[in-house]
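Peer 1: JSON, C-alpha atoms, saved as upload_2.json, coming up:
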[["chain", "number", "residue", "atom", "x", "y", "z"],
["A", 1, "MET", "CA", 0.00, 0.00, 0.00],
["A", 2, "ALA", "CA", 1.16, 3.55, -0.71],
["A", 3, "SER", "CA", 2.74, 5.09, 2.39],
["A", 4, "LEU", "CA", 1.77, 8.60, 1.28],
["A", 5, "PRO", "CA", -1.74, 9.51, 0.16],
["A", 6, "VAL", "CA", -0.58, 10.15, -3.43],
["A", 7, "LEU", "CA", -0.31, 7.44, -6.04],
["A", 8, "ASP", "CA", 1.09, 7.32, -9.55],
["A", 9, "PRO", "CA", -1.03, 4.57, -11.15],
["A", 10, "ALA", "CA", 1.93, 3.54, -13.33],
["A", 11, "THR", "CA", 3.52, 2.10, -10.17],
["A", 12, "VAL", "CA", 0.58, -0.24, -9.51],
["A", 13, "ALA", "CA", 0.72, -3.78, -10.93],
["A", 14, "GLU", "CA", -1.96, -4.51, -13.51],
["A", 15, "ARG", "CA", -4.13, -7.58, -12.98],
["A", 16, "THR", "CA", -5.12, -9.20, -16.29],
["A", 17, "GLY", "CA", -7.53, -11.98, -17.15],
["A", 18, "THR", "CA", -10.82, -12.77, -15.42],
["A", 19, "ALA", "CA", -12.28, -14.91, -12.66],
["A", 20, "TYR", "CA", -15.32, -15.93, -14.75],
["A", 21, "PRO", "CA", -15.78, -19.66, -15.32],
["A", 22, "ALA", "CA", -14.20, -20.75, -18.62],
["A", 23, "PRO", "CA", -15.12, -20.26, -21.39],
["A", 24, "LEU", "CA", -17.54, -17.47, -20.36],
["A", 25, "GLY", "CA", -14.75, -15.03, -19.58],
["A", 26, "GLU", "CA", -12.93, -15.41, -22.89],
["A", 27, "PRO", "CA", -14.11, -12.02, -24.33],
["A", 28, "CYS", "CA", -12.76, -10.28, -21.20],
["A", 29, "ARG", "CA", -9.28, -11.80, -21.33],
["A", 30, "ASN", "CA", -7.63, -8.72, -22.87],
["A", 31, "ARG", "CA", -8.42, -6.31, -20.13],
["A", 32, "GLY", "CA", -6.20, -5.11, -17.30],
["A", 33, "LYS", "CA", -7.11, -3.53, -13.97],
["A", 34, "ARG", "CA", -5.06, -1.43, -11.60],
["A", 35, "ALA", "CA", -6.75, -1.39, -8.18],
["A", 36, "LEU", "CA", -6.04, 2.22, -7.20],
["A", 37, "GLY", "CA", -8.49, 2.33, -4.31],
["A", 38, "ASN", "CA", -7.10, -0.79, -2.65],
["A", 39, "GLU", "CA", -3.54, 0.48, -3.13],
["A", 40, "LEU", "CA", -4.49, 3.71, -1.35],
["A", 41, "GLY", "CA", -6.00, 1.83, 1.60],
["A", 42, "LEU", "CA", -9.65, 2.50, 0.76],
["A", 43, "THR", "CA", -12.10, -0.20, 1.84],
["A", 44, "LEU", "CA", -15.60, 1.25, 1.41],
["A", 45, "PHE", "CA", -15.51, 1.46, -2.36],
["A", 46, "GLY", "CA", -13.21, 0.20, -5.10],
["A", 47, "VAL", "CA", -11.61, 2.30, -7.83],
["A", 48, "ASN", "CA", -9.94, 0.57, -10.75],
["A", 49, "LEU", "CA", -8.01, 2.09, -13.63],
["A", 50, "THR", "CA", -9.01, -0.34, -16.36],
["A", 51, "ARG", "CA", -7.52, -0.88, -19.82],
["A", 52, "ILE", "CA", -9.55, -2.59, -22.54],
["A", 53, "GLU", "CA", -7.71, -3.79, -25.62],
["A", 54, "PRO", "CA", -9.35, -3.64, -29.07],
["A", 55, "GLY", "CA", -12.07, -6.29, -29.32],
["A", 56, "ALA", "CA", -12.22, -6.96, -25.60],
["A", 57, "TRP", "CA", -15.11, -6.51, -23.16],
["A", 58, "SER", "CA", -15.01, -4.84, -19.73],
["A", 59, "ALA", "CA", -17.13, -7.63, -18.25],
["A", 60, "LEU", "CA", -19.99, -9.93, -19.13],
["A", 61, "ARG", "CA", -23.15, -7.83, -19.34],
["A", 62, "HIS", "CA", -24.41, -7.60, -15.75],
["A", 63, "TRP", "CA", -26.16, -5.56, -13.07],
["A", 64, "HIS", "CA", -25.83, -5.36, -9.28],
["A", 65, "THR", "CA", -28.74, -5.64, -6.86],
["A", 66, "ARG", "CA", -27.22, -3.56, -4.03],
["A", 67, "GLN", "CA", -24.15, -1.75, -5.32],
["A", 68, "ASP", "CA", -23.82, 1.40, -7.44],
["A", 69, "GLU", "CA", -21.32, 1.57, -10.30],
["A", 70, "PHE", "CA", -19.74, 4.54, -12.07],
["A", 71, "VAL", "CA", -17.37, 4.79, -15.04],
["A", 72, "TYR", "CA", -15.44, 7.73, -16.52],
["A", 73, "VAL", "CA", -13.60, 7.37, -19.83],
["A", 74, "LEU", "CA", -10.03, 8.69, -19.93],
["A", 75, "GLU", "CA", -8.63, 7.52, -23.28],
["A", 76, "GLY", "CA", -9.95, 5.87, -26.42],
["A", 77, "GLU", "CA", -13.50, 4.91, -27.25],
["A", 78, "LEU", "CA", -15.84, 2.36, -25.70],
["A", 79, "VAL", "CA", -19.29, 1.16, -26.68],
["A", 80, "LEU", "CA", -21.72, 0.78, -23.79],
["A", 81, "VAL", "CA", -24.29, -1.98, -24.28],
["A", 82, "THR", "CA", -27.50, -1.93, -22.23],
["A", 83, "ASP", "CA", -31.11, -2.94, -22.81],
["A", 84, "ALA", "CA", -31.52, 0.48, -24.46],
["A", 85, "GLY", "CA", -28.99, -0.47, -27.15],
["A", 86, "GLU", "CA", -25.53, 0.91, -27.77],
["A", 87, "GLN", "CA", -23.96, 4.27, -26.98],
["A", 88, "THR", "CA", -20.39, 5.36, -27.68],
["A", 89, "LEU", "CA", -18.40, 6.82, -24.81],
["A", 90, "ARG", "CA", -15.45, 9.10, -25.51],
["A", 91, "PRO", "CA", -12.91, 10.69, -23.14],
["A", 92, "GLY", "CA", -14.59, 12.90, -20.58],
["A", 93, "MET", "CA", -17.88, 11.02, -20.68],
["A", 94, "ALA", "CA", -19.36, 9.23, -17.70],
["A", 95, "ALA", "CA", -21.92, 6.49, -17.10],
["A", 96, "GLY", "CA", -23.69, 5.28, -13.98],
["A", 97, "PHE", "CA", -25.53, 2.14, -13.00],
["A", 98, "PRO", "CA", -27.66, 2.50, -9.86],
["A", 99, "ALA", "CA", -28.02, -0.49, -7.55],
["A", 100, "GLY", "CA", -31.08, -2.58, -8.35],
["A", 101, "LYS", "CA", -31.67, -1.22, -11.84],
["A", 102, "ALA", "CA", -32.20, -4.48, -13.75],
["A", 103, "ASP", "CA", -30.46, -3.37, -16.95],
["A", 104, "GLY", "CA", -27.34, -5.36, -17.79],
["A", 105, "HIS", "CA", -24.39, -3.29, -18.99],
["A", 106, "HIS", "CA", -20.85, -3.70, -20.22],
["A", 107, "LEU", "CA", -18.29, -1.86, -22.33],
["A", 108, "ILE", "CA", -16.83, -3.16, -25.58],
["A", 109, "ASN", "CA", -13.79, -1.74, -27.32],
["A", 110, "ARG", "CA", -14.70, -1.85, -31.01],
["A", 111, "SER", "CA", -11.88, 0.55, -31.95],
["A", 112, "THR", "CA", -8.32, -0.21, -33.00],
["A", 113, "ARG", "CA", -6.62, 1.38, -29.96],
["A", 114, "PRO", "CA", -6.64, 0.53, -26.25],
["A", 115, "ALA", "CA", -9.20, 2.36, -24.11],
["A", 116, "LEU", "CA", -8.69, 3.47, -20.53],
["A", 117, "TYR", "CA", -11.34, 4.30, -17.94],
["A", 118, "LEU", "CA", -11.93, 4.65, -14.22],
["A", 119, "GLU", "CA", -14.53, 2.39, -12.62],
["A", 120, "VAL", "CA", -15.95, 2.88, -9.13],
["A", 121, "GLY", "CA", -18.18, 0.52, -7.18],
["A", 122, "ASP", "CA", -19.19, 0.45, -3.55],
["A", 123, "ARG", "CA", -18.85, -2.60, -1.32],
["A", 124, "GLY", "CA", -22.17, -2.65, 0.47],
["A", 125, "PRO", "CA", -23.39, -6.01, 1.80],
["A", 126, "ASP", "CA", -25.80, -8.58, 0.34],
["A", 127, "ASP", "CA", -25.08, -7.72, -3.28],
["A", 128, "GLU", "CA", -25.96, -10.15, -6.07],
["A", 129, "VAL", "CA", -24.83, -9.86, -9.68],
["A", 130, "HIS", "CA", -27.09, -10.88, -12.54],
["A", 131, "TYR", "CA", -25.94, -11.70, -16.09],
["A", 132, "PRO", "CA", -28.81, -11.58, -18.61],
["A", 133, "ASP", "CA", -26.81, -13.08, -21.50],
["A", 134, "ALA", "CA", -24.95, -15.90, -19.71],
["A", 135, "ASP", "CA", -25.77, -18.91, -17.54],
["A", 136, "LEU", "CA", -24.30, -17.14, -14.54],
["A", 137, "PHE", "CA", -25.17, -15.27, -11.42],
["A", 138, "VAL", "CA", -23.14, -14.34, -8.36],
["A", 139, "SER", "CA", -24.95, -14.89, -5.09],
["A", 140, "SER", "CA", -24.50, -12.68, -2.03],
["A", 141, "ASP", "CA", -21.98, -15.19, -0.62],
["A", 142, "PHE", "CA", -19.73, -14.36, -3.63],
["A", 143, "VAL", "CA", -20.24, -17.78, -5.27],
["A", 144, "MET", "CA", -20.49, -17.95, -9.07],
["A", 145, "ARG", "CA", -23.48, -20.12, -9.94],
["A", 146, "HIS", "CA", -25.39, -21.41, -12.92],
["A", 147, "LYS", "CA", -28.83, -19.84, -13.21],
["A", 148, "SER", "CA", -30.13, -23.10, -11.69],
["A", 149, "GLY", "CA", -28.32, -22.18, -8.46],
["A", 150, "GLU", "CA", -25.69, -24.90, -8.91],
["A", 151, "PRO", "CA", -22.18, -23.54, -8.17],
["A", 152, "TYR", "CA", -19.61, -23.61, -10.96],
["B", 1, "MET", "CA", -31.48, 12.97, -13.83],
["B", 2, "ALA", "CA", -30.09, 11.43, -17.04],
["B", 3, "SER", "CA", -32.65, 9.12, -18.64],
["B", 4, "LEU", "CA", -29.92, 7.02, -20.24],
["B", 5, "PRO", "CA", -26.97, 5.70, -18.28],
["B", 6, "VAL", "CA", -24.52, 7.90, -20.22],
["B", 7, "LEU", "CA", -23.72, 11.46, -19.23],
["B", 8, "ASP", "CA", -21.75, 14.24, -20.87],
["B", 9, "PRO", "CA", -20.55, 16.25, -17.86],
["B", 10, "ALA", "CA", -20.76, 19.46, -19.89],
["B", 11, "THR", "CA", -24.56, 19.17, -19.68],
["B", 12, "VAL", "CA", -24.53, 19.20, -15.86],
["B", 13, "ALA", "CA", -24.92, 22.53, -14.07],
["B", 14, "GLU", "CA", -21.90, 23.54, -12.04],
["B", 15, "ARG", "CA", -22.44, 24.46, -8.37],
["B", 16, "THR", "CA", -20.06, 27.19, -7.22],
["B", 17, "GLY", "CA", -19.31, 28.67, -3.83],
["B", 18, "THR", "CA", -19.29, 26.85, -0.49],
["B", 19, "ALA", "CA", -21.55, 26.06, 2.44],
["B", 20, "TYR", "CA", -18.85, 26.82, 5.03],
["B", 21, "PRO", "CA", -19.68, 29.53, 7.57],
["B", 22, "ALA", "CA", -18.32, 32.92, 6.42],
["B", 23, "PRO", "CA", -15.55, 33.90, 6.32],
["B", 24, "LEU", "CA", -14.04, 30.40, 6.68],
["B", 25, "GLY", "CA", -15.04, 29.36, 3.17],
["B", 26, "GLU", "CA", -13.54, 32.37, 1.40],
["B", 27, "PRO", "CA", -10.51, 30.47, -0.04],
["B", 28, "CYS", "CA", -12.90, 27.90, -1.57],
["B", 29, "ARG", "CA", -15.13, 30.40, -3.33],
["B", 30, "ASN", "CA", -13.55, 29.89, -6.78],
["B", 31, "ARG", "CA", -14.31, 26.23, -7.14],
["B", 32, "GLY", "CA", -17.11, 24.58, -9.08],
["B", 33, "LYS", "CA", -18.60, 21.10, -8.73],
["B", 34, "ARG", "CA", -20.61, 19.02, -11.17],
["B", 35, "ALA", "CA", -22.39, 16.25, -9.27],
["B", 36, "LEU", "CA", -22.05, 13.47, -11.84],
["B", 37, "GLY", "CA", -23.02, 10.65, -9.51],
["B", 38, "ASN", "CA", -26.24, 12.34, -8.37],
["B", 39, "GLU", "CA", -27.12, 13.16, -11.96],
["B", 40, "LEU", "CA", -26.74, 9.49, -12.89],
["B", 41, "GLY", "CA", -29.02, 8.38, -10.03],
["B", 42, "LEU", "CA", -26.29, 6.98, -7.79],
["B", 43, "THR", "CA", -26.99, 7.19, -4.06],
["B", 44, "LEU", "CA", -24.34, 5.07, -2.33],
["B", 45, "PHE", "CA", -21.38, 7.26, -3.21],
["B", 46, "GLY", "CA", -20.93, 10.69, -4.69],
["B", 47, "VAL", "CA", -18.77, 11.57, -7.71],
["B", 48, "ASN", "CA", -18.03, 15.21, -8.47],
["B", 49, "LEU", "CA", -16.16, 16.69, -11.40],
["B", 50, "THR", "CA", -14.54, 19.63, -9.66],
["B", 51, "ARG", "CA", -12.82, 22.69, -11.09],
["B", 52, "ILE", "CA", -10.40, 24.72, -8.97],
["B", 53, "GLU", "CA", -9.41, 28.16, -10.22],
["B", 54, "PRO", "CA", -5.88, 29.51, -9.67],
["B", 55, "GLY", "CA", -5.41, 30.39, -6.01],
["B", 56, "ALA", "CA", -8.47, 28.52, -4.80],
["B", 57, "TRP", "CA", -8.73, 25.56, -2.41],
["B", 58, "SER", "CA", -10.75, 22.38, -2.87],
["B", 59, "ALA", "CA", -11.96, 22.54, 0.73],
["B", 60, "LEU", "CA", -10.78, 23.49, 4.17],
["B", 61, "ARG", "CA", -8.20, 20.94, 5.29],
["B", 62, "HIS", "CA", -10.26, 18.08, 6.76],
["B", 63, "TRP", "CA", -10.64, 14.35, 7.36],
["B", 64, "HIS", "CA", -13.64, 12.03, 7.68],
["B", 65, "THR", "CA", -14.17, 9.59, 10.53],
["B", 66, "ARG", "CA", -16.28, 7.05, 8.59],
["B", 67, "GLN", "CA", -16.09, 7.83, 4.87],
["B", 68, "ASP", "CA", -13.37, 7.09, 2.32],
["B", 69, "GLU", "CA", -12.34, 9.71, -0.23],
["B", 70, "PHE", "CA", -10.57, 9.39, -3.59],
["B", 71, "VAL", "CA", -9.36, 11.98, -6.10],
["B", 72, "TYR", "CA", -8.00, 11.64, -9.65],
["B", 73, "VAL", "CA", -6.51, 14.64, -11.45],
["B", 74, "LEU", "CA", -7.67, 15.21, -15.03],
["B", 75, "GLU", "CA", -6.24, 18.61, -16.00],
["B", 76, "GLY", "CA", -3.85, 21.14, -14.52],
["B", 77, "GLU", "CA", -1.82, 20.88, -11.37],
["B", 78, "LEU", "CA", -2.87, 20.75, -7.72],
["B", 79, "VAL", "CA", -0.87, 20.78, -4.51],
["B", 80, "LEU", "CA", -2.05, 18.32, -1.88],
["B", 81, "VAL", "CA", -1.49, 19.49, 1.70],
["B", 82, "THR", "CA", -1.46, 16.92, 4.51],
["B", 83, "ASP", "CA", 0.37, 16.53, 7.82],
["B", 84, "ALA", "CA", 3.22, 15.02, 5.74],
["B", 85, "GLY", "CA", 3.66, 18.32, 3.88],
["B", 86, "GLU", "CA", 2.97, 19.13, 0.25],
["B", 87, "GLN", "CA", 2.91, 16.97, -2.86],
["B", 88, "THR", "CA", 2.11, 18.09, -6.40],
["B", 89, "LEU", "CA", -0.52, 16.12, -8.32],
["B", 90, "ARG", "CA", -0.51, 16.17, -12.11],
["B", 91, "PRO", "CA", -2.98, 14.66, -14.60],
["B", 92, "GLY", "CA", -3.23, 10.91, -14.20],
["B", 93, "MET", "CA", -2.27, 10.94, -10.52],
["B", 94, "ALA", "CA", -4.55, 9.77, -7.75],
["B", 95, "ALA", "CA", -4.83, 10.25, -4.00],
["B", 96, "GLY", "CA", -6.85, 8.47, -1.34],
["B", 97, "PHE", "CA", -7.95, 9.30, 2.19],
["B", 98, "PRO", "CA", -9.17, 6.29, 4.17],
["B", 99, "ALA", "CA", -11.96, 6.77, 6.70],
["B", 100, "GLY", "CA", -10.65, 7.46, 10.19],
["B", 101, "LYS", "CA", -7.12, 8.44, 9.19],
["B", 102, "ALA", "CA", -6.68, 11.61, 11.23],
["B", 103, "ASP", "CA", -4.64, 13.51, 8.63],
["B", 104, "GLY", "CA", -6.35, 16.61, 7.29],
["B", 105, "HIS", "CA", -6.04, 17.11, 3.54],
["B", 106, "HIS", "CA", -7.02, 19.55, 0.84],
["B", 107, "LEU", "CA", -5.93, 20.60, -2.65],
["B", 108, "ILE", "CA", -4.66, 24.07, -3.57],
["B", 109, "ASN", "CA", -4.27, 25.36, -7.10],
["B", 110, "ARG", "CA", -1.00, 27.31, -7.00],
["B", 111, "SER", "CA", -0.73, 27.38, -10.80],
["B", 112, "THR", "CA", -1.97, 29.96, -13.28],
["B", 113, "ARG", "CA", -4.55, 27.70, -15.01],
["B", 114, "PRO", "CA", -7.73, 26.00, -13.81],
["B", 115, "ALA", "CA", -7.38, 22.43, -12.57],
["B", 116, "LEU", "CA", -9.96, 19.68, -12.98],
["B", 117, "TYR", "CA", -10.31, 16.48, -10.98],
["B", 118, "LEU", "CA", -12.75, 13.75, -10.07],
["B", 119, "GLU", "CA", -13.59, 13.27, -6.39],
["B", 120, "VAL", "CA", -15.38, 10.25, -4.96],
["B", 121, "GLY", "CA", -16.72, 9.78, -1.44],
["B", 122, "ASP", "CA", -19.05, 7.20, 0.03],
["B", 123, "ARG", "CA", -22.15, 8.07, 2.03],
["B", 124, "GLY", "CA", -21.90, 5.68, 4.95],
["B", 125, "PRO", "CA", -23.67, 6.71, 8.19],
["B", 126, "ASP", "CA", -22.36, 8.39, 11.35],
["B", 127, "ASP", "CA", -19.59, 10.30, 9.62],
["B", 128, "GLU", "CA", -17.97, 13.30, 11.27],
["B", 129, "VAL", "CA", -15.63, 15.76, 9.58],
["B", 130, "HIS", "CA", -12.69, 17.30, 11.42],
["B", 131, "TYR", "CA", -10.86, 20.48, 10.40],
["B", 132, "PRO", "CA", -7.45, 20.79, 12.07],
["B", 133, "ASP", "CA", -6.80, 24.39, 10.94],
["B", 134, "ALA", "CA", -10.22, 25.96, 11.55],
["B", 135, "ASP", "CA", -12.69, 26.38, 14.40],
["B", 136, "LEU", "CA", -15.03, 23.92, 12.74],
["B", 137, "PHE", "CA", -16.25, 20.38, 12.82],
["B", 138, "VAL", "CA", -19.25, 18.70, 11.25],
["B", 139, "SER", "CA", -21.10, 16.36, 13.58],
["B", 140, "SER", "CA", -22.80, 13.17, 12.43],
["B", 141, "ASP", "CA", -26.14, 15.02, 12.29],
["B", 142, "PHE", "CA", -24.61, 17.20, 9.49],
["B", 143, "VAL", "CA", -24.45, 20.32, 11.69],
["B", 144, "MET", "CA", -21.47, 22.68, 11.29],
["B", 145, "ARG", "CA", -20.18, 23.48, 14.77],
["B", 146, "HIS", "CA", -17.44, 25.42, 16.50],
["B", 147, "LYS", "CA", -14.87, 23.15, 18.14],
["B", 148, "SER", "CA", -16.70, 23.94, 21.41],
["B", 149, "GLY", "CA", -19.72, 22.07, 20.04],
["B", 150, "GLU", "CA", -21.75, 25.25, 19.58],
["B", 151, "PRO", "CA", -23.54, 25.27, 16.19],
["B", 152, "TYR", "CA", -22.69, 28.05, 13.73]]
Once you've parsed the file, please lay out its structure as structure tokens.
Peer 2:
Amino acid sequence: MASLPVLDPATVAERTGTAYPAPLGEPCRNRGKRALGNELGLTLFGVNLTRIEPGAWSALRHWHTRQDEFVYVLEGELVLVTDAGEQTLRPGMAAGFPAGKADGHHLINRSTRPALYLEVGDRGPDDEVHYPDADLFVSSDFVMRHKSGEPY
Amino acid sequence: MASLPVLDPATVAERTGTAYPAPLGEPCRNRGKRALGNELGLTLFGVNLTRIEPGAWSALRHWHTRQDEFVYVLEGELVLVTDAGEQTLRPGMAAGFPAGKADGHHLINRSTRPALYLEVGDRGPDDEVHYPDADLFVSSDFVMRHKSGEPY
């Protein structure tokens, strides 16, 4: 953890790959996350500096029952997919996903250059994550399950 | 509130000035905040896009007992003041202030151009705010008080 309150994100190791059950996570393989909030000792919300390579997805399309999410694009171009369709996000644009709004979302890099954005999510209790396009949900005990309830 | 999950911050009205008791807030008068998180319907944490004019302060130097804070500099240059002294933050740099860490912090724009940054803070209950350099604290009932406990 940083000993001073200031952090240069370039000094933080990037975590690549995904924890999704194979092969579901394959489209998210070419993403990298730097956990700035954790590195700064924050515990009540997470802040990641996330890089999405061309063709890659930020996540499987999903929504949270109890946690808010926020994204802010820093570099490149990302396509946001929700039930409303697609919208292109460019640097300086933001998006927000309130807890309990049952509208799955994710970001896809359809451009030819890497994209970089900040993502923020709180860590309130009893959250579940729903994935409308995949046989997956995450229960409030953090277990990845088939829609039947069976753990992966 | 935005009807779609995407927001162009330029469309959000900027709130200027401060709620500090006069004349304490005078150094913070030339700042402006766009409440992106509120505009996007988020309730569990706040995200502001904040502009600090040359010479102005982000806030009185303060720390929170129960809430985490995070900042990420987008444009310009800001000087972070804490008990450890001063550190200059440039675009792409982050800083974090964990709940309960009794080290007052604020940002000062000592440059000749406006600075722009994102600030994130959660909204957990029972938070107090302490101001080491001013006769001020904010009690958990959101009342601004003299250090004696007397409300302003």
Peer 1: Write out as number ranges by chain which residues come within 10 Å of Asp68 in chain A when counting all atoms listed in the file, dropping same-chain ones fewer than 4 positions away.
Peer 2: A: 45, 63-64, 96-101, 120-124; B: 37, 41-45
Peer 1: Would you be able to write out as a list of chain:residue names which residues have an atom within 12 Å of (-24.9, -18.0, -10.8) in the file's coordinates, counting all atoms listed in the file?
Peer 2: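 Looking at atoms near the point gives A:Tyr20, A:Pro21, A:His62, A:Glu128, A:Val129, A:His130, A:Tyr131, A:Pro132, A:Asp133, A:Ala134, A:Asp135, A:Leu136, A:Phe137, A:Val138, A:Ser139, A:Ser140, A:Asp141, A:Phe142, A:Val143, A:Met144, A:Arg145, A:His146, A:Lys147, A:Ser148, A:Gly149, A:Glu150, A:Pro151, A:Tyr152.
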Peer 1: Which of these residues is nearest to chain A, using all atoms listed in the file: B:Arg29, B:Arg15, B:Arg110, B:His105?
Peer 2: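 Ranked by minimum distance to chain A, first place goes to B:His105.
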Peer 1: Please work out which residues fall within 12 Å of (-29.6, 7.6, -18.4), coordinates as given in the file, with only C-alpha atoms counting, and return them as a PyMOL selection string.
Peer 2: (chain A and resi 80+82-85+87+94-98+101+103) or (chain B and resi 1-8+36-42)
Peer 1: Of the candidates A:Ile52, A:Ala59, A:Val71, A:Ala19, which one gets nearest to chain B if we count all atoms listed in the file?
Peer 2: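 The closest residue to chain B is A:Val71.
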Peer 1: Could you jot down the CA of Asn48 in chain B to CA of Leu74 in chain A separation for me, Å, one decimal place?
Peer 2: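 One can read the CA of Asn48 in chain B to CA of Leu74 in chain A distance as 15.4 Å.
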Peer 1: What is the distance, in Å and to one decimal place, between CA of Pro23 in chain A and CA of Leu89 in chain A?
Peer 2: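 Separation of CA of Pro23 in chain A and CA of Leu89 in chain A: 27.5 Å.
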Peer 1: Choose the residue, out of A:Pro9, A:Pro125, A:His106, A:Glu69, that has the smallest atom-to-atom separation from Gly46 in chain A; count only C-alpha atoms.
Peer 2: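 Residue with the minimum atom-to-atom distance to Gly46 in chain A: A:Glu69.
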Peer 1: Point out the residue among A:Thr50, A:Thr65, A:Asn109, A:Thr88 with the least atom-to-atom distance to Gly17 in chain A, counting only C-alpha atoms.
Peer 2: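 Counting only C-alpha atoms, the residue closest to Gly17 in chain A is A:Thr50.
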Peer 1: What does the structure give for the distance between CA of Pro114 in chain A and CA of Thr11 in chain B, in Å to one decimal?
Peer 2: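 CA of Thr11 in chain B lies at a distance of 26.7 Å from CA of Pro114 in chain A.
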Peer 1: Have a look at B:Leu60, B:Val12, B:Cys28, B:Ala22 and name the one nearest to chain A; count all atoms listed in the file.
Peer 2: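 Of B:Leu60, B:Val12, B:Cys28, B:Ala22, the one nearest chain A is B:Val12, counting all atoms listed in the file.
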Peer 1: Counting all atoms listed in the file, figure out which residue out of A:Asn30, A:Gln67, A:Thr18, A:Ser58 gets nearest to chain B.
Peer 2: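 Smallest distance to chain B is found for A:Gln67.
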